[in-house]
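**Q** The following file, data10.tsv, comprises TSV, C-alpha atoms:
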chain	number	residue	atom	x	y	z
A	1	MET	CA	18.59	-73.34	-8.45
A	2	THR	CA	22.00	-74.09	-9.98
A	3	GLU	CA	24.82	-73.30	-7.56
A	4	ILE	CA	27.37	-70.85	-8.96
A	5	GLU	CA	31.03	-71.56	-8.26
A	6	ILE	CA	33.15	-68.42	-7.90
A	7	LYS	CA	36.74	-69.29	-8.79
A	8	GLY	CA	38.20	-66.12	-7.26
A	9	TRP	CA	41.20	-66.11	-9.57
A	10	CYS	CA	42.01	-65.72	-13.25
A	11	PRO	CA	43.67	-68.42	-15.35
A	12	GLY	CA	47.19	-68.11	-16.66
A	13	ALA	CA	49.50	-70.11	-18.88
A	14	LEU	CA	51.27	-71.73	-15.92
A	15	ARG	CA	48.06	-72.02	-13.90
A	16	PRO	CA	45.29	-72.72	-16.43
A	17	MET	CA	41.62	-73.16	-15.56
A	18	GLN	CA	39.50	-76.18	-16.39
A	19	SER	CA	36.32	-75.49	-18.37
A	20	GLY	CA	33.71	-77.58	-20.14
A	21	ASP	CA	35.80	-77.80	-23.31
A	22	GLY	CA	39.18	-78.45	-21.67
A	23	TRP	CA	41.84	-76.18	-20.22
A	24	VAL	CA	41.65	-72.43	-20.68
A	25	VAL	CA	45.21	-71.12	-21.03
A	26	ARG	CA	45.60	-67.36	-20.67
A	27	VAL	CA	48.54	-65.53	-22.23
A	28	ARG	CA	49.51	-62.12	-20.85
A	29	PRO	CA	51.61	-60.48	-23.60
A	30	ARG	CA	54.11	-57.92	-22.39
A	31	LEU	CA	52.93	-54.38	-23.03
A	32	ALA	CA	49.82	-56.03	-24.55
A	33	ARG	CA	51.78	-56.44	-27.79
A	34	LEU	CA	52.85	-59.46	-29.83
A	35	THR	CA	55.42	-59.34	-32.58
A	36	ARG	CA	54.44	-60.78	-35.94
A	37	ALA	CA	56.34	-63.98	-35.14
A	38	GLN	CA	54.67	-64.29	-31.75
A	39	ALA	CA	51.20	-63.70	-33.19
A	40	LEU	CA	51.68	-66.28	-35.95
A	41	GLY	CA	53.14	-68.72	-33.42
A	42	LEU	CA	50.18	-68.21	-31.09
A	43	CYS	CA	47.76	-68.88	-33.95
A	44	ASP	CA	49.62	-72.09	-34.77
A	45	ALA	CA	49.61	-73.15	-31.11
A	46	ALA	CA	45.87	-72.53	-30.79
A	47	GLN	CA	45.25	-74.78	-33.77
A	48	SER	CA	47.79	-77.45	-32.84
A	49	PHE	CA	47.03	-77.77	-29.11
A	50	GLY	CA	43.57	-76.22	-28.66
A	51	ALA	CA	40.27	-75.75	-30.44
A	52	GLY	CA	41.69	-73.18	-32.87
A	53	LEU	CA	40.07	-70.28	-30.98
A	54	ILE	CA	41.69	-67.31	-29.25
A	55	ASP	CA	39.59	-65.28	-26.81
A	56	LEU	CA	40.28	-61.59	-26.18
A	57	THR	CA	39.67	-60.68	-22.53
A	58	ASN	CA	38.74	-57.40	-20.88
A	59	ARG	CA	42.20	-57.34	-19.31
A	60	ALA	CA	43.85	-57.24	-22.75
A	61	ASN	CA	44.94	-60.86	-22.48
A	62	LEU	CA	44.53	-63.78	-24.89
A	63	GLN	CA	43.09	-67.18	-24.07
A	64	ILE	CA	43.52	-70.45	-25.91
A	65	ARG	CA	40.51	-72.70	-25.34
A	66	GLY	CA	39.88	-76.41	-25.68
A	67	VAL	CA	43.29	-77.65	-24.53
A	68	SER	CA	43.36	-81.32	-23.54
A	69	ASP	CA	45.38	-82.75	-20.67
A	70	ALA	CA	47.85	-84.28	-23.11
A	71	ALA	CA	48.27	-81.02	-25.05
A	72	LEU	CA	48.82	-78.74	-22.04
A	73	ALA	CA	52.56	-79.31	-21.54
A	74	PRO	CA	53.39	-79.10	-25.28
A	75	LEU	CA	51.40	-75.85	-25.47
A	76	GLN	CA	53.33	-74.40	-22.54
A	77	ASP	CA	56.59	-75.41	-24.24
A	78	ALA	CA	55.46	-73.64	-27.42
A	79	LEU	CA	54.58	-70.49	-25.46
A	80	ALA	CA	58.00	-70.56	-23.80
A	81	GLU	CA	59.68	-70.72	-27.20
A	82	LEU	CA	57.64	-67.66	-28.25
A	83	ASP	CA	58.74	-65.81	-25.06
A	84	LEU	CA	55.11	-65.72	-23.91
A	85	LEU	CA	55.54	-67.68	-20.68
A	86	ASP	CA	56.36	-66.26	-17.25
A	87	THR	CA	59.01	-67.70	-14.98
A	88	ASP	CA	56.61	-68.80	-12.23
A	89	PRO	CA	52.86	-68.84	-11.53
A	90	ASP	CA	53.01	-66.27	-8.72
A	91	LEU	CA	54.60	-63.55	-10.83
A	92	GLU	CA	52.30	-64.46	-13.71
A	93	SER	CA	49.23	-63.95	-11.51
A	94	ARG	CA	50.53	-60.57	-10.30
A	95	ARG	CA	51.10	-59.24	-13.81
A	96	ASN	CA	47.58	-57.89	-14.28
A	97	ILE	CA	48.67	-54.61	-15.83
A	98	LEU	CA	46.60	-52.77	-18.41
A	99	ILE	CA	48.33	-50.26	-20.68
A	100	ALA	CA	46.92	-47.59	-22.96
A	101	PRO	CA	47.02	-49.45	-26.30
A	102	ASP	CA	48.50	-46.50	-28.21
A	103	TRP	CA	51.66	-46.33	-26.09
A	104	ALA	CA	54.90	-45.53	-27.90
A	105	ASP	CA	58.47	-46.64	-27.21
A	106	GLY	CA	59.88	-44.67	-24.30
A	107	ASP	CA	56.68	-42.90	-23.31
A	108	ASP	CA	55.36	-42.82	-19.75
A	109	SER	CA	52.85	-45.65	-20.19
A	110	ALA	CA	55.51	-48.04	-21.54
A	111	ARG	CA	58.12	-46.92	-19.01
A	112	LEU	CA	55.79	-47.42	-16.04
A	113	TRP	CA	54.39	-50.75	-17.30
A	114	SER	CA	57.92	-52.09	-17.68
A	115	GLU	CA	59.08	-50.83	-14.27
A	116	LEU	CA	56.08	-52.31	-12.48
A	117	ALA	CA	56.53	-55.62	-14.31
A	118	GLU	CA	60.15	-55.72	-13.08
A	119	ARG	CA	59.14	-54.91	-9.49
A	120	LEU	CA	56.17	-57.24	-9.02
A	121	ALA	CA	58.02	-59.16	-6.31
A	122	GLU	CA	57.99	-56.00	-4.16
A	123	LEU	CA	54.21	-55.92	-4.03
A	124	PRO	CA	52.45	-57.28	-0.95
A	125	HIS	CA	50.20	-60.29	-1.30
A	126	LEU	CA	47.11	-58.86	-3.00
A	127	PRO	CA	43.78	-60.57	-3.74
A	128	PRO	CA	44.21	-62.55	-6.99
A	129	LYS	CA	41.97	-60.50	-9.30
A	130	MET	CA	43.43	-57.10	-8.44
A	131	GLY	CA	45.06	-55.18	-11.26
A	132	PHE	CA	46.71	-51.99	-12.40
A	133	ALA	CA	46.38	-49.52	-15.27
A	134	MET	CA	49.22	-47.55	-16.85
A	135	ASP	CA	47.19	-44.87	-18.62
A	136	ALA	CA	49.71	-42.06	-18.99
A	137	GLY	CA	48.88	-40.88	-22.51
A	138	PRO	CA	47.53	-37.44	-23.42
A	139	ALA	CA	44.20	-38.31	-21.75
A	140	PRO	CA	42.99	-41.42	-19.90
A	141	VAL	CA	41.54	-44.10	-22.16
A	142	LEU	CA	41.17	-46.94	-19.63
A	143	SER	CA	38.87	-45.17	-17.15
A	144	LYS	CA	36.02	-47.66	-17.64
A	145	ASP	CA	38.22	-50.75	-17.66
A	146	PRO	CA	38.96	-52.96	-14.64
A	147	ALA	CA	41.87	-51.79	-12.49
A	148	ASP	CA	42.30	-51.25	-8.76
A	149	PHE	CA	45.16	-48.76	-8.95
A	150	ARG	CA	45.69	-46.33	-11.83
A	151	ILE	CA	48.53	-44.13	-12.95
A	152	GLU	CA	46.93	-41.74	-15.39
A	153	CYS	CA	47.11	-38.29	-16.88
A	154	GLY	CA	45.86	-35.61	-14.52
A	155	GLN	CA	45.18	-31.93	-14.99
A	156	ASP	CA	48.83	-31.04	-14.25
A	157	GLY	CA	50.85	-34.20	-14.79
A	158	LEU	CA	50.58	-37.84	-13.80
A	159	ILE	CA	48.51	-38.93	-10.82
A	160	LEU	CA	48.02	-42.14	-8.84
A	161	ARG	CA	44.36	-42.89	-8.20
A	162	ALA	CA	42.68	-45.67	-6.24
A	163	GLU	CA	39.66	-47.20	-7.92
A	164	GLY	CA	36.41	-45.87	-6.49
A	165	ARG	CA	37.97	-42.51	-5.57
A	166	ALA	CA	37.41	-39.47	-7.76
A	167	LEU	CA	40.75	-37.83	-6.93
A	168	GLY	CA	44.34	-39.05	-6.75
A	169	MET	CA	47.78	-37.87	-5.70
A	170	ALA	CA	50.20	-35.95	-7.90
A	171	LEU	CA	53.30	-37.98	-8.79
A	172	GLN	CA	56.94	-37.03	-9.09
A	173	HIS	CA	58.83	-38.31	-12.13
A	174	GLY	CA	60.83	-41.43	-11.31
A	175	GLN	CA	58.91	-42.13	-8.09
A	176	GLU	CA	55.62	-43.28	-9.61
A	177	ILE	CA	56.03	-47.01	-8.96
A	178	ASP	CA	57.43	-46.36	-5.47
A	179	SER	CA	54.20	-44.53	-4.65
A	180	LEU	CA	52.09	-47.28	-6.22
A	181	ILE	CA	53.78	-50.02	-4.19
A	182	ARG	CA	53.39	-47.93	-1.03
A	183	LEU	CA	49.66	-47.55	-1.71
A	184	CYS	CA	49.34	-51.32	-2.24
A	185	ARG	CA	50.99	-51.90	1.13
A	186	TRP	CA	48.55	-49.44	2.74
A	187	PHE	CA	45.69	-51.41	1.15
A	188	VAL	CA	46.86	-54.64	2.77
A	189	ASP	CA	47.78	-53.05	6.11
A	190	THR	CA	44.30	-51.51	6.46
A	191	GLY	CA	42.44	-54.76	5.83
A	192	GLY	CA	41.86	-54.39	2.10
A	193	ALA	CA	42.36	-58.09	1.46
A	194	GLN	CA	39.05	-58.76	3.21
A	195	SER	CA	37.32	-56.36	0.81
A	196	GLY	CA	38.87	-58.11	-2.17
A	197	ARG	CA	38.99	-55.05	-4.45
A	198	MET	CA	40.01	-51.44	-4.01
A	199	ALA	CA	36.58	-50.08	-4.94
A	200	ARG	CA	35.07	-52.01	-2.01
A	201	HIS	CA	37.69	-50.86	0.50
A	202	HIS	CA	36.39	-47.77	2.28
A	203	ALA	CA	39.27	-46.96	4.63
A	204	ALA	CA	40.49	-43.36	4.56
A	205	LEU	CA	43.36	-42.92	2.12
A	206	PRO	CA	46.79	-42.60	3.77
A	207	ASP	CA	47.89	-39.24	5.12
A	208	TRP	CA	51.33	-39.42	3.56
A	209	ALA	CA	49.91	-37.86	0.38
A	210	ARG	CA	47.40	-35.21	-0.67
A	211	TRP	CA	44.50	-36.83	-2.53
A	212	ASP	CA	43.28	-33.75	-4.37
A	213	ALA	CA	44.46	-34.24	-7.99
A	214	ALA	CA	41.74	-34.78	-10.59
A	215	PRO	CA	42.22	-36.99	-13.66
A	216	ALA	CA	42.09	-35.34	-17.06
A	217	PRO	CA	38.88	-35.82	-19.06
A	218	SER	CA	38.92	-39.30	-20.56
A	219	ARG	CA	38.90	-40.15	-24.25
A	220	ALA	CA	36.91	-42.80	-26.05
A	221	ALA	CA	37.96	-46.41	-26.44
A	222	PHE	CA	39.10	-47.49	-29.89
A	223	LYS	CA	36.50	-48.59	-32.41
A	224	ALA	CA	36.86	-50.97	-35.32
A	225	GLY	CA	38.34	-49.32	-38.39
A	226	ALA	CA	41.45	-47.40	-39.44
A	227	MET	CA	43.31	-45.14	-36.97
A	228	PRO	CA	46.83	-43.64	-36.89
A	229	LEU	CA	48.26	-46.65	-35.04
A	230	GLY	CA	46.87	-49.17	-37.54
A	231	LEU	CA	43.69	-51.08	-38.28
A	232	VAL	CA	41.42	-51.98	-35.38
A	233	VAL	CA	39.59	-55.29	-35.91
A	234	GLY	CA	37.06	-56.94	-33.67
A	235	ALA	CA	35.31	-60.29	-33.57
A	236	ALA	CA	31.95	-61.39	-32.30
A	237	PHE	CA	32.24	-61.99	-28.53
A	238	GLY	CA	35.94	-61.24	-28.74
A	239	GLN	CA	36.63	-64.74	-30.06
A	240	ILE	CA	39.20	-64.87	-32.84
A	241	ILE	CA	39.41	-67.84	-35.20
A	242	ALA	CA	43.16	-68.49	-35.14
A	243	ARG	CA	43.22	-69.62	-38.78
A	244	ASP	CA	41.60	-66.37	-39.92
A	245	LEU	CA	44.01	-64.16	-37.99
A	246	ALA	CA	46.99	-66.11	-39.34
A	247	GLN	CA	45.61	-65.73	-42.87
A	248	THR	CA	45.27	-61.97	-42.43
A	249	LEU	CA	48.81	-61.60	-41.07
A	250	ALA	CA	50.22	-63.71	-43.89
A	251	ALA	CA	48.50	-61.50	-46.48
A	252	THR	CA	49.86	-58.25	-45.00
A	253	ASP	CA	53.15	-56.86	-43.72
A	254	VAL	CA	51.82	-56.12	-40.21
A	255	PRO	CA	54.89	-56.08	-37.89
A	256	ALA	CA	52.95	-56.62	-34.65
A	257	ILE	CA	49.51	-56.69	-33.07
A	258	ARG	CA	48.27	-54.96	-29.93
A	259	VAL	CA	45.59	-56.35	-27.66
A	260	THR	CA	43.05	-53.96	-26.16
A	261	PRO	CA	40.70	-54.45	-23.19
A	262	TRP	CA	37.78	-53.77	-25.58
A	263	ARG	CA	37.96	-57.20	-27.24
A	264	CYS	CA	39.58	-55.93	-30.40
A	265	LEU	CA	43.07	-56.03	-31.87
A	266	VAL	CA	45.18	-53.33	-33.50
A	267	LEU	CA	47.08	-54.50	-36.59
A	268	GLU	CA	50.02	-52.13	-36.39
A	269	GLY	CA	50.82	-49.94	-39.38
A	270	LEU	CA	47.95	-51.17	-41.53
A	271	ALA	CA	46.20	-48.14	-42.99
A	272	ALA	CA	43.91	-49.61	-45.64
A	273	VAL	CA	41.30	-52.24	-44.90
A	274	PRO	CA	42.28	-55.45	-46.70
A	275	ALA	CA	39.95	-58.28	-47.62
A	276	LEU	CA	39.22	-59.78	-44.22
A	277	PRO	CA	37.78	-63.17	-43.30
A	278	ALA	CA	34.16	-62.92	-42.19
A	279	SER	CA	35.10	-63.50	-38.54
A	280	LEU	CA	37.23	-60.33	-38.37
A	281	ILE	CA	35.23	-57.09	-38.31
A	282	ALA	CA	36.55	-53.63	-39.23
A	283	THR	CA	33.14	-51.94	-39.39
A	284	PRO	CA	32.59	-49.80	-36.26
A	285	ASP	CA	28.79	-50.04	-36.18
A	286	HIS	CA	28.58	-53.80	-36.77
A	287	PRO	CA	25.88	-55.23	-34.42
A	288	ALA	CA	28.09	-58.14	-33.32
A	289	LEU	CA	30.55	-55.70	-31.75
A	290	ARG	CA	27.86	-54.34	-29.41
A	291	VAL	CA	27.32	-57.76	-27.85
A	292	ASP	CA	29.10	-59.47	-24.97
A	293	ALA	CA	28.42	-63.14	-24.35
A	294	CYS	CA	30.34	-65.73	-22.40
A	295	ALA	CA	31.07	-69.21	-23.72
A	296	GLY	CA	27.83	-70.53	-22.18
A	297	ALA	CA	26.70	-74.14	-22.02
A	298	PRO	CA	28.08	-76.70	-22.62
A	299	LEU	CA	31.53	-75.07	-22.76
A	300	CYS	CA	31.29	-73.57	-19.26
A	301	PRO	CA	30.16	-75.84	-16.39
A	302	GLN	CA	28.67	-72.82	-14.57
A	303	ALA	CA	26.23	-72.06	-17.41
A	304	SER	CA	22.81	-73.66	-17.78
A	305	VAL	CA	22.03	-72.02	-21.17
A	306	GLU	CA	23.66	-71.59	-24.56
A	307	THR	CA	24.44	-67.90	-25.07
A	308	ARG	CA	26.07	-66.93	-28.33
A	309	ALA	CA	23.54	-68.03	-30.93
A	310	LEU	CA	20.86	-66.09	-29.06
A	311	ALA	CA	23.16	-63.06	-28.73
A	312	LEU	CA	23.77	-62.95	-32.49
A	313	GLU	CA	20.05	-63.15	-33.18
A	314	LEU	CA	19.35	-60.35	-30.71
A	315	ALA	CA	22.19	-58.05	-31.76
A	316	PRO	CA	20.34	-56.36	-34.69
A	317	LEU	CA	17.23	-55.96	-32.50
A	318	VAL	CA	18.94	-54.08	-29.65
A	319	SER	CA	20.08	-50.52	-30.21
A	320	GLY	CA	22.35	-50.26	-27.16
A	321	SER	CA	24.77	-52.64	-25.47
A	322	LEU	CA	23.74	-56.25	-24.89
A	323	HIS	CA	25.18	-58.80	-22.46
A	324	VAL	CA	24.11	-62.45	-22.55
A	325	SER	CA	25.52	-64.46	-19.66
A	326	GLY	CA	25.24	-68.18	-19.04
A	327	CYS	CA	24.93	-67.57	-15.29
A	328	ALA	CA	24.72	-64.74	-12.78
A	329	LYS	CA	28.51	-64.24	-12.63
A	330	GLY	CA	28.53	-62.11	-15.78
A	331	CYS	CA	32.15	-62.88	-16.66
A	332	ALA	CA	31.97	-61.53	-20.22
A	333	ARG	CA	31.41	-57.87	-19.31
A	334	ALA	CA	32.87	-55.83	-16.47
A	335	ARG	CA	30.28	-53.01	-16.49
A	336	ALA	CA	26.51	-52.84	-16.81
A	337	ALA	CA	24.90	-53.16	-20.24
A	338	ASP	CA	21.67	-51.58	-21.46
A	339	ILE	CA	20.16	-55.05	-21.81
A	340	THR	CA	21.39	-58.04	-19.77
A	341	LEU	CA	20.22	-61.64	-19.92
A	342	ASN	CA	21.39	-63.96	-17.15
A	343	GLY	CA	20.96	-67.70	-17.53
A	344	ARG	CA	19.33	-69.52	-14.63
A	345	ASP	CA	17.95	-73.07	-14.58
A	346	ASP	CA	17.78	-73.36	-18.38
A	347	ARG	CA	16.01	-70.00	-18.82
A	348	PHE	CA	16.92	-66.32	-18.76
A	349	ASP	CA	16.32	-63.41	-16.41
A	350	LEU	CA	16.02	-60.05	-18.19
A	351	ILE	CA	17.61	-56.92	-16.74
A	352	VAL	CA	16.96	-53.55	-18.40
A	353	GLN	CA	19.20	-50.57	-17.54
A	354	GLY	CA	20.34	-52.34	-14.39
A	355	GLN	CA	16.83	-53.10	-13.15
A	356	ALA	CA	15.33	-56.59	-12.99
A	357	ASP	CA	12.50	-56.82	-15.51
A	358	VAL	CA	11.25	-60.36	-16.20
A	359	THR	CA	12.47	-63.74	-14.96
A	360	GLY	CA	12.28	-67.24	-16.39
A	361	LEU	CA	12.09	-66.38	-20.10
A	362	THR	CA	12.71	-68.90	-22.87
A	363	GLU	CA	14.74	-67.98	-25.95
A	364	ALA	CA	11.54	-67.80	-28.01
A	365	GLN	CA	9.92	-65.42	-25.52
A	366	ILE	CA	12.99	-63.18	-25.54
A	367	LEU	CA	13.11	-62.97	-29.34
A	368	THR	CA	9.38	-62.26	-29.53
A	369	ARG	CA	9.72	-59.48	-26.96
A	370	PHE	CA	12.50	-57.67	-28.84
A	371	GLU	CA	11.05	-58.22	-32.30
A	372	ARG	CA	7.96	-56.29	-31.13
A	373	SER	CA	9.85	-53.46	-29.43
Mind turning the file's structure into structure tokens?
**A**
Amino acid sequence: MTEIEIKGWCPGALRPMQSGDGWVVRVRPRLARLTRAQALGLCDAAQSFGAGLIDLTNRANLQIRGVSDAALAPLQDALAELDLLDTDPDLESRRNILIAPDWADGDDSARLWSELAERLAELPHLPPKMGFAMDAGPAPVLSKDPADFRIECGQDGLILRAEGRALGMALQHGQEIDSLIRLCRWFVDTGGAQSGRMARHHAALPDWARWDAAPAPSRAAFKAGAMPLGLVVGAAFGQIIARDLAQTLAATDVPAIRVTPWRCLVLEGLAAVPALPASLIATPDHPALRVDACAGAPLCPQASVETRALALELAPLVSGSLHVSGCAKGCARARAADITLNGRDDRFDLIVQGQADVTGLTEAQILTRFERS
């Protein structure tokens, strides 16, 4: 059986990760937003220094793939010129902060994101994949997205909630980040680092707060198509062709783009759907937008199978969500899918509704199975 290597950390721009096609360089845009100039510059950088591809991650980050050793430093210089580079790798790794994508200037989500970003040095040393969500809009929209600590809309104001706990503490205006930092310190002091994530840490919550505030009912994630904020566009597997995005921006007057944790972008202020390149999808029910698939072999050294061609063939045959993973790590999707295929020793194991079904299937056997169902 192929041994799986768990990296235990996420790449950044200052600390990239080596993959089968070169360096993976992750960009964490502030407030998950890029100005028009930044977006066009990022597209140019992806084409000049990488493979011309930009991945959208489930943490609302962007990744440039296929960066060679020689191109890494020039790419980092280009990102610095675009104001998309952090000052040091430690602060970069701490800035795992999701934000409700429809934040507005001066609202609670933007205010709290900015304050936490300024105070990252006050946090204790947390496990590297831990993250935060600033979800202070009219109703939570990030409830199903990865975060260990959440500030979100409650029944009677903002609350702080630890992942894995149904209830949180009511927050006082201006003291939200103080309370968040205090909870992070409690996590470390009670041995949370050994658990690795908040949801796996079962210590009783600290007695310096009342943990009895319920979050407000959540709202749905954005779907491809027009919305008040702009036009939501997706791409198969969340992989944007940089040339196509640059072409779309050049043909419109979009002032900025926002990155969501749902592997789609919001083109701000664009109400009508323009003529889009085939790789950009503005149709909400498009089968390719129901599919998650990692890079697979040979691009990822952990994968023993190619993933994306099979995923595209299966997409019209599967009515629910589909996840095709090159190995058992399942990096491409944070939550369970209706149908999951995990690569193992050049074949696939099939998981249906979270339950193991059949192991050791070939691509042909998988397609035959779903064509008959």
**Q** Could you pull the residues within 12 Å of region 356-363 of chain A, counting only C-alpha atoms, minus those fewer than 4 positions along the same chain, as a PDB file with C-alpha atoms, in the frame of the given file?
**A**
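Saved file result02.pdb follows:
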ATOM      1  CA  MET A   1      18.590 -73.340  -8.450  1.00  0.00           C
ATOM      2  CA  VAL A 305      22.030 -72.020 -21.170  1.00  0.00           C
ATOM      3  CA  GLU A 306      23.660 -71.590 -24.560  1.00  0.00           C
ATOM      4  CA  THR A 307      24.440 -67.900 -25.070  1.00  0.00           C
ATOM      5  CA  ARG A 308      26.070 -66.930 -28.330  1.00  0.00           C
ATOM      6  CA  ALA A 309      23.540 -68.030 -30.930  1.00  0.00           C
ATOM      7  CA  LEU A 310      20.860 -66.090 -29.060  1.00  0.00           C
ATOM      8  CA  ALA A 311      23.160 -63.060 -28.730  1.00  0.00           C
ATOM      9  CA  GLU A 313      20.050 -63.150 -33.180  1.00  0.00           C
ATOM     10  CA  LEU A 314      19.350 -60.350 -30.710  1.00  0.00           C
ATOM     11  CA  VAL A 324      24.110 -62.450 -22.550  1.00  0.00           C
ATOM     12  CA  ASP A 338      21.670 -51.580 -21.460  1.00  0.00           C
ATOM     13  CA  ILE A 339      20.160 -55.050 -21.810  1.00  0.00           C
ATOM     14  CA  THR A 340      21.390 -58.040 -19.770  1.00  0.00           C
ATOM     15  CA  LEU A 341      20.220 -61.640 -19.920  1.00  0.00           C
ATOM     16  CA  ASN A 342      21.390 -63.960 -17.150  1.00  0.00           C
ATOM     17  CA  GLY A 343      20.960 -67.700 -17.530  1.00  0.00           C
ATOM     18  CA  ARG A 344      19.330 -69.520 -14.630  1.00  0.00           C
ATOM     19  CA  ASP A 345      17.950 -73.070 -14.580  1.00  0.00           C
ATOM     20  CA  ASP A 346      17.780 -73.360 -18.380  1.00  0.00           C
ATOM     21  CA  ARG A 347      16.010 -70.000 -18.820  1.00  0.00           C
ATOM     22  CA  PHE A 348      16.920 -66.320 -18.760  1.00  0.00           C
ATOM     23  CA  ASP A 349      16.320 -63.410 -16.410  1.00  0.00           C
ATOM     24  CA  LEU A 350      16.020 -60.050 -18.190  1.00  0.00           C
ATOM     25  CA  ILE A 351      17.610 -56.920 -16.740  1.00  0.00           C
ATOM     26  CA  VAL A 352      16.960 -53.550 -18.400  1.00  0.00           C
ATOM     27  CA  LEU A 367      13.110 -62.970 -29.340  1.00  0.00           C
ATOM     28  CA  THR A 368       9.380 -62.260 -29.530  1.00  0.00           C
ATOM     29  CA  ARG A 369       9.720 -59.480 -26.960  1.00  0.00           C
ATOM     30  CA  PHE A 370      12.500 -57.670 -28.840  1.00  0.00           C
TER      31      PHE A 370
END
**Q** Give me, as a ChimeraX atom specification, all polymer residues having an atom no more than 9 Å from Met227 (chain A), counting all atoms listed in the file and skipping those fewer than 5 positions away in the same chain.
**A** /A:222,232,270-271
**Q** Show me, as number ranges by chain, the residues that have an atom within 9 Å of region 185-192 of chain A when counting all atoms listed in the file, minus same-chain residues fewer than 5 positions from it.
**A** A: 123-127, 180, 197-198, 200-203, 205-206
**Q** Can you write just those residues out, C-alpha atoms, as an mmCIF file, keeping the file's coordinate frame?
**A**
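Final file, again-v1.cif:
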data_model
loop_
_atom_site.group_PDB
_atom_site.id
_atom_site.type_symbol
_atom_site.label_atom_id
_atom_site.label_comp_id
_atom_site.auth_asym_id
_atom_site.auth_seq_id
_atom_site.Cartn_x
_atom_site.Cartn_y
_atom_site.Cartn_z
ATOM 1 C CA LEU A 123 54.210 -55.920 -4.030
ATOM 2 C CA PRO A 124 52.450 -57.280 -0.950
ATOM 3 C CA HIS A 125 50.200 -60.290 -1.300
ATOM 4 C CA LEU A 126 47.110 -58.860 -3.000
ATOM 5 C CA PRO A 127 43.780 -60.570 -3.740
ATOM 6 C CA LEU A 180 52.090 -47.280 -6.220
ATOM 7 C CA ARG A 197 38.990 -55.050 -4.450
ATOM 8 C CA MET A 198 40.010 -51.440 -4.010
ATOM 9 C CA ARG A 200 35.070 -52.010 -2.010
ATOM 10 C CA HIS A 201 37.690 -50.860 0.500
ATOM 11 C CA HIS A 202 36.390 -47.770 2.280
ATOM 12 C CA ALA A 203 39.270 -46.960 4.630
ATOM 13 C CA LEU A 205 43.360 -42.920 2.120
ATOM 14 C CA PRO A 206 46.790 -42.600 3.770
#
**Q** Excluding same-chain residues fewer than 2 positions from region 242-255 of chain A, what lies within 10 Å of it counting all atoms listed in the file, as number ranges by chain?
**A** A: 34-37, 39-47, 51-55, 64, 230-231, 239-240, 257, 266-270, 274-280
**Q** Name the residues, using the chain letters and numbers of the file, that sit within 9 Å of (49.9, -70.3, -10.9) when counting all atoms listed in the file, and give them as a list of chain:residue names.
**A**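 The requested residues, written out, are A:Pro11, A:Gly12, A:Ala13, A:Leu14, A:Arg15, A:Pro16, A:Asp88, A:Pro89, A:Asp90, A:Leu91, A:Glu92, A:Ser93.
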**Q** Looking at A:Ala293, A:Ala117, A:Ala166, A:Ile181, which one is nearest to Gly326 (chain A), with distances taken over all atoms listed in the file?
**A**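 Selected residue with least distance to Gly326 (chain A): A:Ala293.
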**Q** Between CA of Cys331 (chain A) and CA of Ser19 (chain A), what is the spacing in Å?
**A** 13.4 Å
**Q** Might you pull out every residue within 7 Å of Arg150 (chain A), with only C-alpha atoms counted and same-chain residues fewer than 5 positions away left off, and present them as a list in words?
**A** Phe132, Ala133, Met134, Leu160, Arg161 and Ala162 of chain A
**Q** Got time to write the residues from that selection, C-alpha atoms, as a JSON list (two decimals), in the coordinates of the input?
**A**
[["chain", "number", "residue", "atom", "x", "y", "z"],
["A", 132, "PHE", "CA", 46.71, -51.99, -12.40],
["A", 133, "ALA", "CA", 46.38, -49.52, -15.27],
["A", 134, "MET", "CA", 49.22, -47.55, -16.85],
["A", 160, "LEU", "CA", 48.02, -42.14, -8.84],
["A", 161, "ARG", "CA", 44.36, -42.89, -8.20],
["A", 162, "ALA", "CA", 42.68, -45.67, -6.24]]
**Q** Figure out the distance between CA of Leu116 (chain A) and CA of Val141 (chain A), please, to one decimal in Å.
**A**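 For CA of Val141 (chain A) relative to CA of Leu116 (chain A), the distance reads 19.3 Å.
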**Q** My list of candidates is A:Asp212, A:Asp135, A:Asp108, A:Asp145. Which is closest to Met169 (chain A) when distances are computed with all atoms listed in the file?
**A**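 Of all the options, A:Asp212 lies closest to Met169 (chain A).
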**Q** Can you sort out the box for region 310-316 of chain A, edges along x, y and z, all listed atoms in, 3 Å on every side, with centre and edge lengths in Å to one decimal, as AutoDock Vina command-line options?
**A**
--center_x 21.6 --center_y -61.2 --center_z -31.7 --size_x 10.4 --size_y 15.7 --size_z 12.0
**Q** Pick from A:Leu85, A:Leu158, A:Val259, A:Ala364: nearest to Ile99 (chain A), with all atoms listed in the file counted?
**A**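 Checking each candidate against Ile99 (chain A), we get A:Val259 as the closest.
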**Q** What gap, in Å, lies between CA of Ala282 (chain A) and CA of Leu265 (chain A)?
**A** 10.1 Å
**Q** Using only C-alpha atoms, which residue out of A:Val67, A:Ala32, A:Leu317, A:Cys264 lies closest to Ala110 (chain A)?
**A**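 Smallest distance to Ala110 (chain A) is found for A:Ala32.
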**Q** Which of these residues is nearest to Glu122 (chain A), using all atoms listed in the file: A:Ile159, A:Ile177, A:Ala295, A:Leu82?
**A**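 Of the candidates, the smallest distance to Glu122 (chain A) is held by A:Ile177.
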**Q** Go ahead and find all residues with at least one atom no further than 7 Å from (42.8, -58.4, -24.6) in the file's coordinates, using all atoms listed in the file; report them as a PyMOL selection string.
**A** chain A and resi 56-62+259-263
